[in-house]
>>> print(open('upload_24.pdb').read())   # PDB, C-alpha atoms
ATOM      1  CA  MET A1171     146.685 -39.475  68.234
ATOM      2  CA  THR A1172     144.039 -39.411  65.559
ATOM      3  CA  GLN A1173     141.126 -41.791  65.299
ATOM      4  CA  SER A1174     142.570 -43.713  62.394
ATOM      5  CA  GLU A1175     145.884 -44.229  64.181
ATOM      6  CA  PHE A1176     144.002 -45.548  67.158
ATOM      7  CA  ILE A1177     141.938 -47.885  65.002
ATOM      8  CA  ASN A1178     145.126 -49.190  63.418
ATOM      9  CA  ILE A1179     146.592 -50.017  66.795
ATOM     10  CA  VAL A1180     143.400 -51.571  68.064
ATOM     11  CA  THR A1181     142.353 -53.597  65.028
ATOM     12  CA  PRO A1182     144.768 -56.520  65.492
ATOM     13  CA  PHE A1183     143.421 -57.357  68.931
ATOM     14  CA  LYS A1184     139.865 -56.094  69.073
ATOM     15  CA  ASP A1185     138.550 -59.514  68.077
ATOM     16  CA  LYS A1186     140.549 -61.084  70.863
ATOM     17  CA  VAL A1187     139.060 -58.654  73.351
ATOM     18  CA  PHE A1188     135.633 -59.524  72.056
ATOM     19  CA  ARG A1189     136.202 -63.267  72.280
ATOM     20  CA  LEU A1190     137.542 -63.039  75.815
ATOM     21  CA  ALA A1191     134.545 -60.941  76.827
ATOM     22  CA  LYS A1192     132.247 -63.465  75.225
ATOM     23  CA  ARG A1193     133.961 -66.335  76.988
ATOM     24  CA  LEU A1194     133.290 -64.669  80.313
ATOM     25  CA  LEU A1195     129.920 -63.042  79.699
ATOM     26  CA  VAL A1196     128.568 -65.706  77.318
ATOM     27  CA  SER A1197     126.052 -63.418  75.618
ATOM     28  CA  THR A1198     127.172 -61.987  72.281
ATOM     29  CA  GLU A1199     125.419 -58.653  72.874
ATOM     30  CA  GLU A1200     126.986 -58.193  76.256
ATOM     31  CA  ALA A1201     130.380 -59.104  74.893
ATOM     32  CA  GLU A1202     129.958 -56.517  72.142
ATOM     33  CA  ASP A1203     129.020 -53.866  74.673
ATOM     34  CA  ALA A1204     131.957 -54.826  76.846
ATOM     35  CA  THR A1205     134.340 -54.616  73.893
ATOM     36  CA  GLN A1206     133.074 -51.167  72.977
ATOM     37  CA  GLU A1207     133.404 -50.063  76.544
ATOM     38  CA  VAL A1208     136.970 -51.334  76.827
ATOM     39  CA  LEU A1209     138.037 -49.733  73.554
ATOM     40  CA  ILE A1210     136.469 -46.411  74.507
ATOM     41  CA  LYS A1211     138.295 -46.539  77.812
ATOM     42  CA  LEU A1212     141.511 -47.141  75.893
ATOM     43  CA  TRP A1213     140.736 -44.206  73.616
ATOM     44  CA  ASN A1214     140.174 -41.947  76.591
ATOM     45  CA  LYS A1215     143.529 -42.982  77.961
ATOM     46  CA  ASN A1216     144.941 -41.754  74.704
ATOM     47  CA  ASN A1217     147.617 -39.563  76.211
ATOM     48  CA  ASP A1218     149.029 -42.239  78.468
ATOM     49  CA  PHE A1219     149.055 -44.655  75.579
ATOM     50  CA  LYS A1220     152.778 -44.644  75.049
ATOM     51  CA  LYS A1221     153.425 -45.446  78.681
ATOM     52  CA  TYR A1222     152.113 -48.958  78.257
ATOM     53  CA  ARG A1223     154.682 -51.119  76.639
ATOM     54  CA  ASN A1224     152.257 -53.780  75.592
ATOM     55  CA  ILE A1225     148.915 -52.245  74.723
ATOM     56  CA  GLU A1226     147.411 -55.566  73.726
ATOM     57  CA  ALA A1227     148.161 -57.195  77.081
ATOM     58  CA  PHE A1228     146.902 -54.099  78.809
ATOM     59  CA  ALA A1229     143.665 -54.233  76.846
ATOM     60  CA  MET A1230     143.190 -57.891  77.720
ATOM     61  CA  THR A1231     143.686 -57.178  81.408
ATOM     62  CA  MET A1232     141.189 -54.335  81.163
ATOM     63  CA  THR A1233     138.712 -56.662  79.499
ATOM     64  CA  LYS A1234     139.145 -59.242  82.214
ATOM     65  CA  ASN A1235     138.565 -56.693  84.946
ATOM     66  CA  PHE A1236     135.618 -55.140  83.168
ATOM     67  CA  CYS A1237     133.923 -58.505  82.685
ATOM     68  CA  PHE A1238     134.536 -59.464  86.296
ATOM     69  CA  ASP A1239     132.879 -56.236  87.401
ATOM     70  CA  LYS A1240     129.963 -57.015  85.130
ATOM     71  CA  LEU A1241     129.615 -60.513  86.500
ATOM     72  CA  LYS A1242     129.880 -59.286  90.056
ATOM     73  CA  SER A1243     127.195 -56.666  89.627
ATOM     74  CA  LYS A1244     124.967 -59.300  88.081
ATOM     75  CA  GLN A1245     125.470 -61.558  91.073
ATOM     76  CA  ALA A1246     124.803 -58.679  93.409
ATOM     77  CA  GLN A1247     121.487 -58.061  91.711
ATOM     78  CA  ASN A1248     120.643 -61.648  92.427
ATOM     79  CA  LEU A1249     119.563 -62.019  88.859
ATOM     80  CA  LYS A1250     120.573 -64.975  86.852
ATOM     81  CA  ILE A1251     120.297 -64.469  83.154
ATOM     82  CA  VAL A1252     120.998 -67.512  81.102
ATOM     83  CA  HIS A1253     122.306 -66.733  77.684
ATOM     84  CA  SER A1254     122.074 -69.241  74.970
ATOM     85  CA  ASN A1255     122.689 -67.365  71.726
ATOM     86  CA  TYR A1256     120.121 -69.167  69.640
ATOM     87  CA  GLN A1257     121.247 -70.086  66.204
ATOM     88  CA  ASP A1258     119.684 -71.401  63.122
ATOM     89  CA  HIS A1259     121.225 -74.759  62.352
ATOM     90  CA  ASN A1260     120.380 -75.124  58.760
ATOM     91  CA  VAL A1261     122.899 -77.673  57.636
ATOM     92  CA  ALA A1262     121.872 -80.425  55.337
ATOM     93  CA  LEU A1263     124.586 -82.959  55.978
ATOM     94  CA  GLN A1264     124.017 -85.194  58.931
ATOM     95  CA  LYS A1265     127.736 -85.413  59.539
ATOM     96  CA  GLN A1266     128.064 -81.677  59.814
ATOM     97  CA  VAL A1267     125.149 -81.448  62.203
ATOM     98  CA  GLU A1268     126.814 -84.007  64.384
ATOM     99  CA  LEU A1269     130.028 -82.125  64.275
ATOM    100  CA  ASN A1270     128.391 -78.808  65.127
ATOM    101  CA  ASP A1271     126.603 -80.552  67.883
ATOM    102  CA  SER A1272     129.716 -81.893  69.488
ATOM    103  CA  ILE A1273     131.420 -78.548  69.036
ATOM    104  CA  GLY A1274     128.472 -77.042  70.854
ATOM    105  CA  TRP A1275     129.109 -79.534  73.603
ATOM    106  CA  VAL A1276     132.621 -78.241  74.016
ATOM    107  CA  GLY A1277     131.211 -74.753  74.419
ATOM    108  CA  LYS A1278     128.812 -75.942  77.096
ATOM    109  CA  ILE A1279     131.560 -77.758  78.940
ATOM    110  CA  MET A1280     133.717 -74.660  78.855
ATOM    111  CA  GLU A1281     130.897 -72.566  80.254
ATOM    112  CA  GLN A1282     130.954 -74.691  83.362
ATOM    113  CA  LEU A1283     134.637 -74.210  84.041
ATOM    114  CA  PRO A1284     135.726 -71.778  86.731
ATOM    115  CA  GLU A1285     136.376 -68.258  85.445
ATOM    116  CA  GLN A1286     140.123 -68.493  85.726
ATOM    117  CA  GLN A1287     140.336 -71.724  83.767
ATOM    118  CA  LYS A1288     138.001 -70.301  81.150
ATOM    119  CA  MET A1289     140.296 -67.365  80.637
ATOM    120  CA  VAL A1290     143.457 -69.416  80.577
ATOM    121  CA  ILE A1291     142.123 -71.831  78.006
ATOM    122  CA  GLN A1292     140.703 -68.961  75.963
ATOM    123  CA  LEU A1293     144.009 -67.132  75.904
ATOM    124  CA  ARG A1294     146.112 -70.221  75.279
ATOM    125  CA  ASP A1295     144.156 -72.586  73.092
ATOM    126  CA  ILE A1296     142.150 -70.079  71.139
ATOM    127  CA  GLU A1297     144.273 -66.945  71.054
ATOM    128  CA  GLN A1298     147.605 -68.759  71.257
ATOM    129  CA  TYR A1299     149.424 -66.441  73.596
ATOM    130  CA  ASP A1300     152.531 -67.752  75.280
ATOM    131  CA  PHE A1301     152.559 -68.420  78.997
ATOM    132  CA  LYS A1302     154.497 -65.310  79.833
ATOM    133  CA  GLU A1303     151.914 -63.072  78.206
ATOM    134  CA  ILE A1304     149.025 -64.909  79.818
ATOM    135  CA  ALA A1305     150.657 -64.643  83.215
ATOM    136  CA  LYS A1306     151.031 -60.914  82.732
ATOM    137  CA  MET A1307     147.483 -60.418  81.500
ATOM    138  CA  LEU A1308     145.882 -62.371  84.298
ATOM    139  CA  ASP A1309     148.292 -61.276  86.970
ATOM    140  CA  MET A1310     149.265 -64.853  87.852
ATOM    141  CA  ASN A1311     152.583 -66.623  87.789
ATOM    142  CA  GLU A1312     153.436 -68.956  84.938
ATOM    143  CA  THR A1313     153.191 -72.134  86.995
ATOM    144  CA  ALA A1314     149.698 -71.211  88.124
ATOM    145  CA  VAL A1315     148.755 -70.620  84.495
ATOM    146  CA  ARG A1316     150.070 -74.053  83.507
ATOM    147  CA  VAL A1317     148.225 -75.734  86.356
ATOM    148  CA  ALA A1318     144.954 -74.007  85.545
ATOM    149  CA  LEU A1319     145.379 -74.861  81.884
ATOM    150  CA  SER A1320     146.121 -78.482  82.580
ATOM    151  CA  ARG A1321     143.063 -78.776  84.825
ATOM    152  CA  ALA A1322     140.820 -77.139  82.271
ATOM    153  CA  ARG A1323     142.078 -79.367  79.464
ATOM    154  CA  LYS A1324     141.630 -82.504  81.545
ATOM    155  CA  THR A1325     138.114 -81.510  82.540
ATOM    156  CA  ILE A1326     137.135 -80.884  78.949
ATOM    157  CA  ARG A1327     138.614 -84.166  77.809
ATOM    158  CA  GLU A1328     136.887 -86.126  80.584
ATOM    159  CA  GLN A1329     133.516 -84.528  79.862
ATOM    160  CA  LEU A1330     133.953 -85.118  76.154
ATOM    161  CA  THR A1331     134.886 -88.754  76.682
ATOM    162  CA  LYS A1332     131.756 -89.154  78.767
ATOM    163  CA  THR A1333     129.439 -87.702  76.137
ATOM    164  CA  HIS A1334     131.295 -89.487  73.379
ATOM    165  CA  ASN A1335     130.893 -92.857  75.067
ATOM    166  CA  TYR A1336     127.317 -92.042  75.899
ATOM    167  CA  GLY A1337     126.649 -91.590  72.221
ATOM    168  CA  VAL A1338     128.378 -94.811  71.284
ATOM    169  CA  LYS A1339     127.264 -97.205  73.989
TER     170      LYS A1339
ATOM    171  CA  MET B1147     151.021 -95.534  63.434
ATOM    172  CA  ALA B1148     154.202 -93.673  64.178
ATOM    173  CA  LEU B1149     152.173 -90.518  63.683
ATOM    174  CA  ASN B1150     149.530 -91.739  66.126
ATOM    175  CA  LYS B1151     152.200 -92.494  68.715
ATOM    176  CA  ASN B1152     153.537 -89.016  68.236
ATOM    177  CA  ILE B1153     150.065 -87.502  68.608
ATOM    178  CA  GLU B1154     149.365 -89.529  71.725
ATOM    179  CA  HIS B1155     152.601 -88.346  73.210
ATOM    180  CA  LEU B1156     151.730 -84.762  72.342
ATOM    181  CA  LEU B1157     148.270 -85.155  73.852
ATOM    182  CA  GLU B1158     149.749 -86.308  77.101
ATOM    183  CA  LYS B1159     152.052 -83.334  77.196
ATOM    184  CA  TYR B1160     149.152 -81.158  76.168
ATOM    185  CA  GLU B1161     147.030 -82.220  79.102
ATOM    186  CA  ASN B1162     149.829 -81.429  81.475
ATOM    187  CA  GLY B1163     150.128 -77.974  80.012
ATOM    188  CA  GLU B1164     153.634 -78.625  78.729
ATOM    189  CA  THR B1165     153.234 -78.298  74.996
ATOM    190  CA  SER B1166     154.653 -75.375  73.086
ATOM    191  CA  LEU B1167     152.529 -73.309  70.748
ATOM    192  CA  ILE B1168     154.019 -75.107  67.750
ATOM    193  CA  GLU B1169     153.162 -78.505  69.163
ATOM    194  CA  GLU B1170     149.647 -77.339  69.869
ATOM    195  CA  GLN B1171     149.374 -76.196  66.295
ATOM    196  CA  GLN B1172     150.403 -79.700  65.196
ATOM    197  CA  LEU B1173     147.617 -81.165  67.280
ATOM    198  CA  LYS B1174     145.126 -78.722  65.819
ATOM    199  CA  ASN B1175     146.221 -79.618  62.318
ATOM    200  CA  TYR B1176     145.946 -83.304  63.033
ATOM    201  CA  PHE B1177     142.453 -83.020  64.473
ATOM    202  CA  SER B1178     141.157 -80.868  61.673
ATOM    203  CA  GLN B1179     141.603 -83.798  59.269
ATOM    204  CA  GLU B1180     138.606 -85.772  58.157
ATOM    205  CA  THR B1181     139.705 -89.001  59.748
ATOM    206  CA  VAL B1182     141.503 -89.414  63.012
ATOM    207  CA  ALA B1183     142.349 -92.525  64.980
ATOM    208  CA  PRO B1184     139.066 -93.854  66.442
ATOM    209  CA  HIS B1185     140.305 -93.867  70.008
ATOM    210  CA  LEU B1186     141.191 -90.207  69.728
ATOM    211  CA  GLU B1187     137.870 -89.209  68.193
ATOM    212  CA  MET B1188     136.671 -87.363  71.295
ATOM    213  CA  TYR B1189     139.455 -84.810  71.006
ATOM    214  CA  LYS B1190     138.257 -83.756  67.613
ATOM    215  CA  PRO B1191     135.423 -81.424  68.653
ATOM    216  CA  MET B1192     137.680 -79.834  71.239
ATOM    217  CA  PHE B1193     140.327 -78.727  68.776
ATOM    218  CA  GLN B1194     137.770 -77.836  66.186
ATOM    219  CA  TYR B1195     135.970 -75.705  68.721
ATOM    220  CA  PHE B1196     139.203 -73.811  69.293
ATOM    221  CA  LEU B1197     139.699 -73.260  65.587
ATOM    222  CA  VAL B1198     136.112 -72.182  64.982
ATOM    223  CA  ASN B1199     136.158 -69.846  67.953
ATOM    224  CA  HIS B1200     139.317 -68.209  66.764
ATOM    225  CA  GLN B1201     137.450 -66.983  63.706
ATOM    226  CA  GLU B1202     134.763 -65.089  65.541
ATOM    227  CA  GLN B1203     135.028 -61.382  64.941
ATOM    228  CA  PHE B1204     133.921 -58.177  66.504
ATOM    229  CA  THR B1205     131.752 -56.471  63.921
ATOM    230  CA  LYS B1206     130.294 -53.501  65.745
ATOM    231  CA  ASP B1207     132.040 -50.207  65.173
ATOM    232  CA  ILE B1208     133.708 -48.285  67.914
ATOM    233  CA  PRO B1209     131.997 -45.006  68.743
ATOM    234  CA  LEU B1210     134.922 -42.729  69.371
ATOM    235  CA  ASN B1211     134.110 -39.209  70.333
ATOM    236  CA  THR B1212     136.458 -36.696  68.825
ATOM    237  CA  LYS B1213     135.613 -34.030  71.351
ATOM    238  CA  ARG B1214     138.938 -32.790  72.552
ATOM    239  CA  LYS B1215     139.361 -32.225  76.211
ATOM    240  CA  PHE B1216     139.953 -28.642  77.216
ATOM    241  CA  ASN B1217     143.630 -28.079  77.525
ATOM    242  CA  PHE B1218     144.495 -26.373  80.759
ATOM    243  CA  LYS B1219     148.024 -25.728  79.600
ATOM    244  CA  TRP B1220     146.760 -23.002  77.276
ATOM    245  CA  LEU B1221     144.692 -21.471  80.044
ATOM    246  CA  SER B1222     147.825 -20.865  82.093
ATOM    247  CA  VAL B1223     149.575 -19.393  79.070
ATOM    248  CA  ALA B1224     146.695 -16.962  78.576
ATOM    249  CA  ALA B1225     146.688 -16.067  82.261
ATOM    250  CA  VAL B1226     150.392 -15.276  82.193
ATOM    251  CA  ALA B1227     149.925 -13.121  79.091
ATOM    252  CA  VAL B1228     147.131 -11.121  80.741
ATOM    253  CA  LEU B1229     149.236 -10.686  83.863
ATOM    254  CA  MET B1230     152.249  -9.430  81.902
ATOM    255  CA  LEU B1231     150.151  -6.964  79.915
ATOM    256  CA  SER B1232     148.483  -5.557  83.002
ATOM    257  CA  VAL B1233     151.826  -5.117  84.720
ATOM    258  CA  TYR B1234     153.165  -3.396  81.618
ATOM    259  CA  PHE B1235     150.282  -0.924  81.352
ATOM    260  CA  ASN B1236     149.924  -0.190  85.045
ATOM    261  CA  LYS B1237     153.567   0.496  85.593
ATOM    262  CA  ALA B1238     153.725   3.382  88.109
ATOM    263  CA  GLU B1239     155.324   6.401  86.467
ATOM    264  CA  GLU B1240     158.207   7.895  88.327
ATOM    265  CA  ILE B1241     157.834  11.429  89.577
ATOM    266  CA  THR B1242     160.663  13.572  88.230
ATOM    267  CA  ALA B1243     161.756  17.005  89.368
ATOM    268  CA  LYS B1244     160.177  18.486  86.270
ATOM    269  CA  ASP B1245     156.850  16.896  87.150
ATOM    270  CA  LYS B1246     157.032  18.447  90.594
ATOM    271  CA  LEU B1247     157.791  21.836  89.145
ATOM    272  CA  ASP B1248     154.869  21.574  86.732
ATOM    273  CA  TYR B1249     152.633  20.558  89.562
ATOM    274  CA  ASN B1250     153.648  23.524  91.706
ATOM    275  CA  ASN B1251     153.194  25.931  88.798
ATOM    276  CA  ALA B1252     149.754  24.610  88.135
ATOM    277  CA  LYS B1253     148.879  24.862  91.805
ATOM    278  CA  ALA B1254     150.042  28.475  91.987
ATOM    279  CA  ALA B1255     148.103  29.394  88.851
ATOM    280  CA  LEU B1256     144.930  27.807  90.195
ATOM    281  CA  ALA B1257     145.384  29.578  93.538
ATOM    282  CA  LEU B1258     145.630  32.878  91.712
ATOM    283  CA  VAL B1259     142.489  32.168  89.743
ATOM    284  CA  SER B1260     140.552  31.242  92.866
ATOM    285  CA  LYS B1261     141.757  34.337  94.716
ATOM    286  CA  HIS B1262     140.485  36.641  91.993
ATOM    287  CA  LEU B1263     137.276  34.731  91.748
ATOM    288  CA  ASN B1264     136.644  35.169  95.482
ATOM    289  CA  LYS B1265     137.306  38.897  95.240
ATOM    290  CA  ALA B1266     134.827  39.189  92.398
ATOM    291  CA  THR B1267     132.132  37.291  94.291
ATOM    292  CA  SER B1268     132.456  39.568  97.293
ATOM    293  CA  GLN B1269     132.126  42.565  95.033
ATOM    294  CA  VAL B1270     128.844  41.300  93.631
ATOM    295  CA  SER B1271     127.461  40.661  97.101
ATOM    296  CA  TYR B1272     125.377  43.876  97.004
ATOM    297  CA  LEU B1273     123.039  41.948  94.710
ATOM    298  CA  ASP B1274     121.594  40.507  97.915
ATOM    299  CA  ALA B1275     119.783  43.816  98.318
ATOM    300  CA  ILE B1276     117.714  43.032  95.250
ATOM    301  CA  ASN B1277     116.605  39.750  96.777
ATOM    302  CA  LYS B1278     115.573  41.578  99.921
ATOM    303  CA  ALA B1279     113.552  44.075  97.927
ATOM    304  CA  GLY B1280     111.965  41.172  96.029
ATOM    305  CA  THR B1281     110.645  39.657  99.229
ATOM    306  CA  GLN B1282     109.378  43.016 100.308
ATOM    307  CA  VAL B1283     107.278  43.316  97.177
ATOM    308  CA  ASP B1284     105.687  39.940  97.903
ATOM    309  CA  TYR B1285     102.538  41.581  99.222
ATOM    310  CA  LEU B1286     101.739  42.475  95.626
ATOM    311  CA  LYS B1287     100.584  38.856  95.251
ATOM    312  CA  GLU B1288      97.745  39.639  97.536
ATOM    313  CA  ILE B1289      96.310  41.891  94.887
ATOM    314  CA  ASN B1290      96.020  38.816  92.667
ATOM    315  CA  ASN B1291      93.460  37.219  94.967
ATOM    316  CA  PRO B1292      90.699  39.779  94.631
ATOM    317  CA  MET B1293      91.552  40.270  91.002
ATOM    318  CA  GLY B1294      91.015  36.556  90.403
ATOM    319  CA  ARG B1295      87.662  36.706  92.021
ATOM    320  CA  ILE B1296      86.648  39.672  89.894
ATOM    321  CA  PHE B1297      87.677  38.058  86.639
ATOM    322  CA  LYS B1298      85.948  34.789  87.444
ATOM    323  CA  LYS B1299      82.672  36.661  87.577
TER     324      LYS B1299
END
>>> encode(input="upload_24.pdb", output="structure tokens")
Amino acid sequence: MTQSEFINIVTPFKDKVFRLAKRLLVSTEEAEDATQEVLIKLWNKNNDFKKYRNIEAFAMTMTKNFCFDKLKSKQAQNLKIVHSNYQDHNVALQKQVELNDSIGWVGKIMEQLPEQQKMVIQLRDIEQYDFKEIAKMLDMNETAVRVALSRARKTIREQLTKTHNYGVK
Amino acid sequence: MALNKNIEHLLEKYENGETSLIEEQQLKNYFSQETVAPHLEMYKPMFQYFLVNHQEQFTKDIPLNTKRKFNFKWLSVAAVAVLMLSVYFNKAEEITAKDKLDYNNAKAALALVSKHLNKATSQVSYLDAINKAGTQVDYLKEINNPMGRIFKK
């Protein structure tokens, strides 16, 4: 397989890999590194490529495992690095600032979810995979995926209601 | 209002993880509008967060090395070729009757040559006498000693 063929196969889902990595690792830089790493691993598997029926699902599983390893090694080092991708909010309209702000809240709430729920909500609500695919990627059964998803959604809604009411009252 | 009822129903299903992808898309569309029902306002950032996050892209390029791995298949092919060639060239030649005859002829001829050579050497053995005489004339060297002394002076 040539490089360009590989790129063509990888392009449709490389953003998804990146977003999943970012969901788990939080930092943009680390997520970029993780994505590169995963794609290079895929490239090195080159010859076995045709064996995998669903390369995308396989890549997502690889990403999950890679990020878990990363997180584990970070815990083992007993180092806690807090990432907070600083951004320049340069929006004039008050409304938009408010909106960005509450969107930021959602991000913060999601950061506090357990890893599994993070992944499930990432794969379902953001990437829009169906339950079967998610179950395969995360090596869970479909019911477990639904339960995790439902819990994550409820938690987010509860937290949002809290902050929303806090702002109003 | 009928729409709101529908949305509320969908939200309930959504929280139980029972919505289909199409229904979820409906919810996303609804919450990306400017105005939503006030009591559903808190869902808005959630769905917008999902939509915004979906647009994030991976911009770094992928450093793929083109270095091909050494193919061991070809190594075995080369090894087999070398083996075949060596077998071909080192094939032991069969000894035929003619070869044996040639060999015996050559042996006889060489034996003849060596026999004559030996006879000749024995005939020249009297040359030893010259060597003997040579040693006997060795005392002549002694003359050199006094002569050297004379010429030095």
>>> resolve_selection(input="upload_24.pdb", expression="the PyMOL selection byres ((chain B) within 8 of (chain A))", output="ChimeraX atom specification")
/B:1160-1164,1167,1170,1188-1189,1191-1192,1194-1197,1199-1200,1202-1204,1206-1210,1212
>>> atom_distance(input="upload_24.pdb", atom1="CA of Asn1216 in chain A", atom2="CA of Phe1228 in chain A")
13.2 Å
>>> atom_distance(input="upload_24.pdb", atom1="CA of Lys1234 in chain A", atom2="CA of Phe1193 in chain B")
23.7 Å
>>> residues_near_point(input="upload_24.pdb", point="(148.0, -82.1, 71.3)", cutoff="10 Å", atoms="only C-alpha atoms", output="mmCIF file with C-alpha atoms, in the coordinates of the input")
data_model
loop_
_atom_site.group_PDB
_atom_site.id
_atom_site.type_symbol
_atom_site.label_atom_id
_atom_site.label_comp_id
_atom_site.auth_asym_id
_atom_site.auth_seq_id
_atom_site.Cartn_x
_atom_site.Cartn_y
_atom_site.Cartn_z
ATOM 1 C CA ASN B 1152 153.537 -89.016 68.236
ATOM 2 C CA ILE B 1153 150.065 -87.502 68.608
ATOM 3 C CA GLU B 1154 149.365 -89.529 71.725
ATOM 4 C CA HIS B 1155 152.601 -88.346 73.210
ATOM 5 C CA LEU B 1156 151.730 -84.762 72.342
ATOM 6 C CA LEU B 1157 148.270 -85.155 73.852
ATOM 7 C CA GLU B 1158 149.749 -86.308 77.101
ATOM 8 C CA LYS B 1159 152.052 -83.334 77.196
ATOM 9 C CA TYR B 1160 149.152 -81.158 76.168
ATOM 10 C CA GLU B 1161 147.030 -82.220 79.102
ATOM 11 C CA GLY B 1163 150.128 -77.974 80.012
ATOM 12 C CA GLU B 1164 153.634 -78.625 78.729
ATOM 13 C CA THR B 1165 153.234 -78.298 74.996
ATOM 14 C CA SER B 1166 154.653 -75.375 73.086
ATOM 15 C CA LEU B 1167 152.529 -73.309 70.748
ATOM 16 C CA ILE B 1168 154.019 -75.107 67.750
ATOM 17 C CA GLU B 1169 153.162 -78.505 69.163
ATOM 18 C CA GLU B 1170 149.647 -77.339 69.869
ATOM 19 C CA GLN B 1171 149.374 -76.196 66.295
ATOM 20 C CA GLN B 1172 150.403 -79.700 65.196
ATOM 21 C CA LEU B 1173 147.617 -81.165 67.280
ATOM 22 C CA LYS B 1174 145.126 -78.722 65.819
ATOM 23 C CA ASN B 1175 146.221 -79.618 62.318
ATOM 24 C CA TYR B 1176 145.946 -83.304 63.033
ATOM 25 C CA PHE B 1177 142.453 -83.020 64.473
ATOM 26 C CA TYR B 1189 139.455 -84.810 71.006
ATOM 27 C CA PHE B 1193 140.327 -78.727 68.776
#
>>> atom_distance(input="upload_24.pdb", atom1="CA of Ser1197 in chain A", atom2="CA of Cys1237 in chain A")
11.7 Å
